2 protein chains.
Amino acid sequence: MISNTNKFKQLAEEKQSRIVNACISEFAENDYETASMNTVVNQAGISKGSLFNYFQSKSILYNHIYKLALREVKTYLRKVRDETAQLPFNERLSKIVDSGVQFIGEHPRLARIYFRLVYSGDSPNREKIVTELQAMSEEYLGNIIQDAMDRNELDPNLDKTQSVFFLDAVLNRFLKEYHEVMNQRSQDTFDKEEWIKGITKLFTKGLS
Amino acid sequence: MISNTNKFKQLAEEKQSRIVNACISEFAENDYETASMNTVVNQAGISKGSLFNYFQSKSILYNHIYKLALREVKTYLRKVRDETAQLPFNERLSKIVDSGVQFIGEHPRLARIYFRLVYSGDSPNREKIVTELQAMSEEYLGNIIQDAMDRNELDPNLDKTQSVFFLDAVLNRFLKEYHEVMNQRSQDTFDKEEWIKGITKLFTKGLS
DNA sequence: TGATAAATTGACCACCTGGTCAATAGTGCT
DNA sequence: AGCACTATTGACCAGGTGGTCAATTTATCA
């Protein structure tokens with residue numbers, strides 16, 4: 001009774017994933033205000049009443065989907081962080097960028113929801129979520145940079161907050177660009193490796 | 001008859017600016033889909049019929065406002081570029097960032113429309129506009145970087161496209177952050193000078 | 001002043017939105 | 001089979017949207 005997403009969790013798996021799928025598509029293609037519950041309902045092949053029975057409101061549904069996307073991203077990031085713990089900064093950074101690229105390839109719709117959320121508009125609780133994401137990035141990239149500082153690969157007097165911010169800015173923007181290129185334009189002219197090299201070079205030199 | 005914004009341009013100046021003002025506010029506070037023509041009309045103190053007489057559709061109106069904002073930005077950028085042509089790269093970059101900060105202070109609503117457009121959603125012609133903006137940035141920052149390369153302040157073998165992209169990413173993200181901080185949070189904890197220093201350091205070292 | 005033309009109005013349109021709830025279908029138990 | 005309980009449906013609601021156009025006000029000129 002307290003948590004009403006229980007109603008949803010008690011559904012048959014197949015039905016759950018039909019619904020989740022429809023939601024992901026809709027929230028990937030439209031931003032929050034424009035996404036339509038009617039479309040979700042039709043896509044999922046259930047009635048409107050049911051959807052609002054499982055999730056009391058659009059914003060609650062959005063929250064569910066967003067958290068699901070975030071969980072997926074986090075798993076990915078944690079994995080690559082742990083796998084690269086022993087590598088020097090530049091190689092480590094390369095792997096991180098590369099795993100971002102890979103994630104986008106595997107989960108383009110989740111990536112789109114993520115970028116929509118970070119860069120855009122008016123999702124509910126946007127401020128709270130963005131703050132949360134920033135803290136996450138601060139912690140994640142902060143650790144990477146701290147490790148490199150400890151090994152004297154980077155300037156030990158770095159302003160860590162700033163460095164994280166810059167790194168985050170470039171990584172996010174690059175991945176966003178990559179995502180958009182993948183989605184539409186001629187993918188052949190995009191030399192991924194060359195870009196990853198450029199990014200690592202900028203930061204290994206710029207922060208040393 | 002061909003260009004129907006003529007109808008608008010022939011209005012009394014005072015009325016024009018009342019309308020433009022209302023539009024800027026509405027498009028700054030909401031993204032394209034959510035912005036309401038009714039609100040514009042009420043704010044401007046004119047009838048709906050009139051507005052649709054001056055601009056045949058919402059998207060045409062949006063285009064008018066966006067171009068106006070862009071013109072303002074361009075003027076600003078051109079000015080600072082010319083004024084700093086003689087300065088070394090790091091000083092020049094500082095001035096550019098600083099002028100961005102200043103622009104945001106003077107035109108917060110235009111800045112907001114700009115960030116909405118670049119980072120977000122579903123404005124009409126978004127792709128075309130973003131491509132246009134990228135070309136603009138490529139040309140603008142490209143020149144700054146080329147000048148510095150010519151003076152041996154930066155690595156003469158730089159990949160210019162990449163360098164511009166990175167610089168653009170950090171500048172835009174920083175200004176967006178600044179804009180958001182100005183709009184809501186405690187402005188006192190934000191040490192602008194320290195950040196500008198950090199940005200110039202990252203790029204003078206990273207691209208040298 | 002009166003007639004003609006141009007500008008302005010706002011009630012109205014079809015359509016879509018998130019959300020509701022009485023009615024119906026389905027399930028499990030005796 | 002009959003009962004009780006739950007899950008599901010979709011017509012329906014109030015409110016908002018971009019856009020229209022006959023009717024009215026305002027400006028122009030003889």
# chains A, B, ... in the order shown; residues from 1 in each chain; ligands from 1

call {"tool": "residues_around", "arguments": {"residues": "DC12 of chain D", "least_positions_apart": "6", "cutoff": "12 Å", "atoms": "only C-alpha atoms (C1' of nucleotides)", "output": "compact mmCIF listing (two decimals) with C-alpha atoms (C1' of nucleotides), in the first residue's frame"}}
result
# COMPACT_ATOMS: atom_id res chain seq x y z
C1' DG C 19 -6.00 11.66 -15.06
C1' DT C 20 -10.62 9.23 -13.25
C1' DC C 21 -13.91 5.67 -12.28
C1' DA C 22 -18.12 2.96 -13.09

call {"tool": "residues_around", "arguments": {"residues": "Leu61 of chain B", "least_positions_apart": "6", "cutoff": "10 Å", "atoms": "only C-alpha atoms (C1' of nucleotides)", "output": "number ranges by chain"}}
result
B: 5, 20, 23, 37, 51-52, 54-55

call {"tool": "write_last_selection", "arguments": {"atoms": "N, CA, C and O atoms", "output": "CSV table (one decimal), in the first residue's frame"}}
result
chain,number,residue,atom,x,y,z
B,5,THR,N,6.7,39.1,-42.1
B,5,THR,CA,7.2,39.8,-40.9
B,5,THR,C,7.2,41.3,-41.1
B,5,THR,O,7.3,42.1,-40.2
B,20,VAL,N,8.0,41.6,-28.5
B,20,VAL,CA,9.3,40.9,-28.5
B,20,VAL,C,9.7,40.6,-27.0
B,20,VAL,O,10.1,39.5,-26.7
B,23,CYS,N,7.7,37.6,-25.8
B,23,CYS,CA,8.2,36.4,-26.4
B,23,CYS,C,9.5,35.9,-25.8
B,23,CYS,O,9.6,34.8,-25.5
B,37,MET,N,1.4,30.5,-26.8
B,37,MET,CA,1.1,31.7,-27.5
B,37,MET,C,0.1,32.6,-26.7
B,37,MET,O,0.1,33.8,-26.8
B,51,LEU,N,-1.4,38.7,-33.2
B,51,LEU,CA,-0.1,38.0,-33.2
B,51,LEU,C,0.1,37.1,-34.4
B,51,LEU,O,1.1,37.1,-35.0
B,52,PHE,N,-1.0,36.3,-34.7
B,52,PHE,CA,-1.0,35.4,-35.8
B,52,PHE,C,-1.1,36.2,-37.1
B,52,PHE,O,-0.9,35.6,-38.2
B,54,TYR,N,0.8,39.0,-37.5
B,54,TYR,CA,2.2,39.5,-37.6
B,54,TYR,C,3.1,38.3,-37.9
B,54,TYR,O,4.0,38.3,-38.8
B,55,PHE,N,2.9,37.2,-37.2
B,55,PHE,CA,3.7,35.9,-37.5
B,55,PHE,C,2.7,34.8,-37.7
B,55,PHE,O,1.9,34.5,-36.9

call {"tool": "closest_atom_pairs", "arguments": {"of": "chain A", "to": "chain B", "cutoff": "6 Å", "atoms": "only C-alpha atoms", "output": "CSV"}}
result
residue,atom,partner,partner_atom,distance
A:Tyr119,CA,B:Tyr119,CA,5.0
A:Ser120,CA,B:Ser120,CA,4.2
A:Ala169,CA,B:Val170,CA,5.7
A:Val170,CA,B:Ala169,CA,5.7
A:Leu202,CA,B:Gly206,CA,4.6
A:Lys205,CA,B:Gly206,CA,4.7
A:Gly206,CA,B:Gly206,CA,3.6

call {"tool": "residues_around", "arguments": {"residues": "Met182 of chain B", "least_positions_apart": "6", "cutoff": "10 Å", "atoms": "only C-alpha atoms (C1' of nucleotides)", "output": "PyMOL selection string"}}
result
chain B and resi 104-105+108+176+188+190

call {"tool": "write_last_selection", "arguments": {"atoms": "C-alpha atoms", "output": "tab-separated table (two decimals), in the first residue's frame"}}
result
chain	number	residue	atom	x	y	z
B	104	ILE	CA	24.87	36.50	-19.36
B	105	GLY	CA	24.67	39.19	-16.73
B	108	PRO	CA	19.99	36.52	-18.90
B	176	LYS	CA	25.81	27.39	-18.63
B	188	ASP	CA	28.94	34.26	-3.30
B	190	PHE	CA	31.38	31.20	-7.00

call {"tool": "interface_residues", "arguments": {"of": "chain D", "to": "chain B", "cutoff": "12 Å", "atoms": "only C-alpha atoms (C1' of nucleotides)", "output": "list in words"}}
result
DG16, DT17, DG18, DG19, DT20 and DC21 of chain D

call {"tool": "atom_distance", "arguments": {"atom1": "atom CA of Ile196 of chain A", "atom2": "atom CA of Glu177 of chain A"}}
result
12.9 Å

call {"tool": "atom_distance", "arguments": {"atom1": "atom CA of Lys95 of chain B", "atom2": "atom CA of Thr189 of chain B"}}
result
21.6 Å

call {"tool": "residues_around", "arguments": {"residues": "segment 25-28 of chain A", "least_positions_apart": "5", "cutoff": "8 Å", "atoms": "only C-alpha atoms (C1' of nucleotides)", "output": "list in words"}}
result
Ala35, Ser36, Thr39, Val40, Tyr62, Arg109, Leu110, Arg112, Ile113 and Arg116 of chain A

call {"tool": "write_last_selection", "arguments": {"atoms": "all heavy atoms", "output": "compact mmCIF listing (two decimals), in the first residue's frame"}}
result
# COMPACT_ATOMS: atom_id res chain seq x y z
N ALA A 35 6.26 14.01 -24.06
CA ALA A 35 5.98 12.57 -24.06
C ALA A 35 4.52 12.33 -23.67
O ALA A 35 3.99 12.98 -22.77
CB ALA A 35 6.91 11.87 -23.07
N SER A 36 3.89 11.41 -24.37
CA SER A 36 2.45 11.20 -24.19
C SER A 36 2.14 9.86 -23.54
O SER A 36 2.59 8.80 -24.01
CB SER A 36 1.75 11.30 -25.54
OG SER A 36 0.48 10.69 -25.47
N THR A 39 0.46 7.51 -25.97
CA THR A 39 1.38 6.77 -26.82
C THR A 39 1.96 5.57 -26.09
O THR A 39 2.01 4.45 -26.63
CB THR A 39 2.52 7.69 -27.31
OG1 THR A 39 1.97 8.84 -27.91
CG2 THR A 39 3.40 6.96 -28.31
N VAL A 40 2.40 5.81 -24.87
CA VAL A 40 2.95 4.72 -24.06
C VAL A 40 1.94 3.57 -23.98
O VAL A 40 2.26 2.41 -24.23
CB VAL A 40 3.30 5.20 -22.64
CG1 VAL A 40 3.59 4.03 -21.72
CG2 VAL A 40 4.49 6.15 -22.68
N TYR A 62 7.99 8.60 -14.84
CA TYR A 62 9.27 9.10 -15.36
C TYR A 62 10.39 8.78 -14.39
O TYR A 62 11.48 8.34 -14.79
CB TYR A 62 9.21 10.61 -15.59
CG TYR A 62 10.52 11.16 -16.07
CD1 TYR A 62 10.90 11.03 -17.39
CD2 TYR A 62 11.40 11.78 -15.20
CE1 TYR A 62 12.12 11.49 -17.84
CE2 TYR A 62 12.63 12.25 -15.63
CZ TYR A 62 12.97 12.12 -16.95
OH TYR A 62 14.18 12.57 -17.39
N ARG A 109 18.79 4.37 -26.50
CA ARG A 109 17.62 5.06 -25.96
C ARG A 109 17.87 5.54 -24.54
O ARG A 109 17.48 6.65 -24.16
CB ARG A 109 16.40 4.15 -26.02
CG ARG A 109 15.91 3.87 -27.44
CD ARG A 109 14.71 2.95 -27.42
NE ARG A 109 14.97 1.77 -26.60
CZ ARG A 109 14.04 0.91 -26.22
NH1 ARG A 109 12.78 1.10 -26.58
NH2 ARG A 109 14.34 -0.13 -25.49
N LEU A 110 18.54 4.72 -23.74
CA LEU A 110 18.86 5.17 -22.38
C LEU A 110 19.80 6.38 -22.42
O LEU A 110 19.65 7.33 -21.65
CB LEU A 110 19.52 4.03 -21.59
CG LEU A 110 18.65 2.81 -21.30
CD1 LEU A 110 19.36 1.87 -20.34
CD2 LEU A 110 17.30 3.22 -20.72
N ARG A 112 19.92 8.55 -24.68
CA ARG A 112 19.15 9.72 -25.08
C ARG A 112 18.37 10.30 -23.91
O ARG A 112 18.30 11.51 -23.72
CB ARG A 112 18.19 9.31 -26.20
CG ARG A 112 17.50 10.47 -26.82
CD ARG A 112 17.47 10.36 -28.31
NE ARG A 112 16.94 11.55 -28.91
CZ ARG A 112 16.47 11.60 -30.14
NH1 ARG A 112 16.51 10.51 -30.89
NH2 ARG A 112 16.01 12.71 -30.63
N ILE A 113 17.79 9.43 -23.12
CA ILE A 113 17.08 9.90 -21.93
C ILE A 113 18.05 10.64 -21.01
O ILE A 113 17.73 11.70 -20.47
CB ILE A 113 16.42 8.72 -21.19
CG1 ILE A 113 15.26 8.17 -22.02
CG2 ILE A 113 15.93 9.14 -19.81
CD1 ILE A 113 14.61 6.94 -21.42
N ARG A 116 18.95 14.05 -22.55
CA ARG A 116 17.77 14.91 -22.42
C ARG A 116 17.68 15.49 -21.01
O ARG A 116 17.44 16.66 -20.80
CB ARG A 116 16.52 14.09 -22.68
CG ARG A 116 15.73 14.59 -23.84
CD ARG A 116 14.50 13.75 -24.05
NE ARG A 116 14.41 13.29 -25.42
CZ ARG A 116 14.21 14.09 -26.46
NH1 ARG A 116 14.10 15.40 -26.29
NH2 ARG A 116 14.14 13.60 -27.67

call {"tool": "closest_atom_pairs", "arguments": {"of": "chain C", "to": "chain B", "cutoff": "10 Å", "atoms": "only C-alpha atoms (C1' of nucleotides)", "output": "CSV"}}
result
residue,atom,partner,partner_atom,distance
C:DA7,C1',B:Ser50,CA,8.5
C:DT8,C1',B:Ser50,CA,6.3
C:DT9,C1',B:Ser47,CA,6.1
C:DG10,C1',B:Ser47,CA,7.2

call {"tool": "residues_around", "arguments": {"residues": "DG26 of chain C", "least_positions_apart": "6", "cutoff": "10 Å", "atoms": "only C-alpha atoms (C1' of nucleotides)", "output": "PDB file with N, CA, C and O atoms (P, O5', C5', C4', C3', O3' and C1' of nucleotides), in the first residue's frame"}}
result
ATOM      1  P    DT D   6      -9.499  -7.908  -2.931  1.00  0.00           P
ATOM      2  O5'  DT D   6      -8.558  -7.950  -4.213  1.00  0.00           O
ATOM      3  C5'  DT D   6      -8.136  -9.210  -4.756  1.00  0.00           C
ATOM      4  C4'  DT D   6      -7.918  -9.076  -6.249  1.00  0.00           C
ATOM      5  C3'  DT D   6      -7.261  -7.761  -6.688  1.00  0.00           C
ATOM      6  O3'  DT D   6      -6.188  -8.106  -7.553  1.00  0.00           O
ATOM      7  C1'  DT D   6      -9.157  -8.200  -8.005  1.00  0.00           C
ATOM      8  P    DA D   7      -5.099  -7.067  -7.973  1.00  0.00           P
ATOM      9  O5'  DA D   7      -5.200  -7.161  -9.571  1.00  0.00           O
ATOM     10  C5'  DA D   7      -5.633  -8.383 -10.160  1.00  0.00           C
ATOM     11  C4'  DA D   7      -5.812  -8.199 -11.661  1.00  0.00           C
ATOM     12  C3'  DA D   7      -4.992  -7.084 -12.282  1.00  0.00           C
ATOM     13  O3'  DA D   7      -4.610  -7.524 -13.578  1.00  0.00           O
ATOM     14  C1'  DA D   7      -7.305  -6.581 -12.521  1.00  0.00           C
ATOM     15  P    DT D   8      -3.887  -6.540 -14.610  1.00  0.00           P
ATOM     16  O5'  DT D   8      -5.108  -5.944 -15.433  1.00  0.00           O
ATOM     17  C5'  DT D   8      -5.862  -6.815 -16.253  1.00  0.00           C
ATOM     18  C4'  DT D   8      -6.937  -6.024 -16.999  1.00  0.00           C
ATOM     19  C3'  DT D   8      -6.412  -4.827 -17.786  1.00  0.00           C
ATOM     20  O3'  DT D   8      -6.662  -5.068 -19.162  1.00  0.00           O
ATOM     21  C1'  DT D   8      -8.383  -4.279 -16.560  1.00  0.00           C
TER      22       DT D   8
END

call {"tool": "select_by_dssp", "arguments": {"residues": "segment 28-190 of chain A", "states": "alpha helix (DSSP H)", "output": "MDAnalysis selection string"}}
result
chainID A and resid 28:29 37:44 48:54 58:83 89:106 108:119 126:150 160:183

call {"tool": "residues_around", "arguments": {"residues": "DA30 of chain D", "least_positions_apart": "6", "cutoff": "12 Å", "atoms": "only C-alpha atoms (C1' of nucleotides)", "output": "JSON, numbers by chain"}}
result
{"C": [1, 2, 3, 4]}
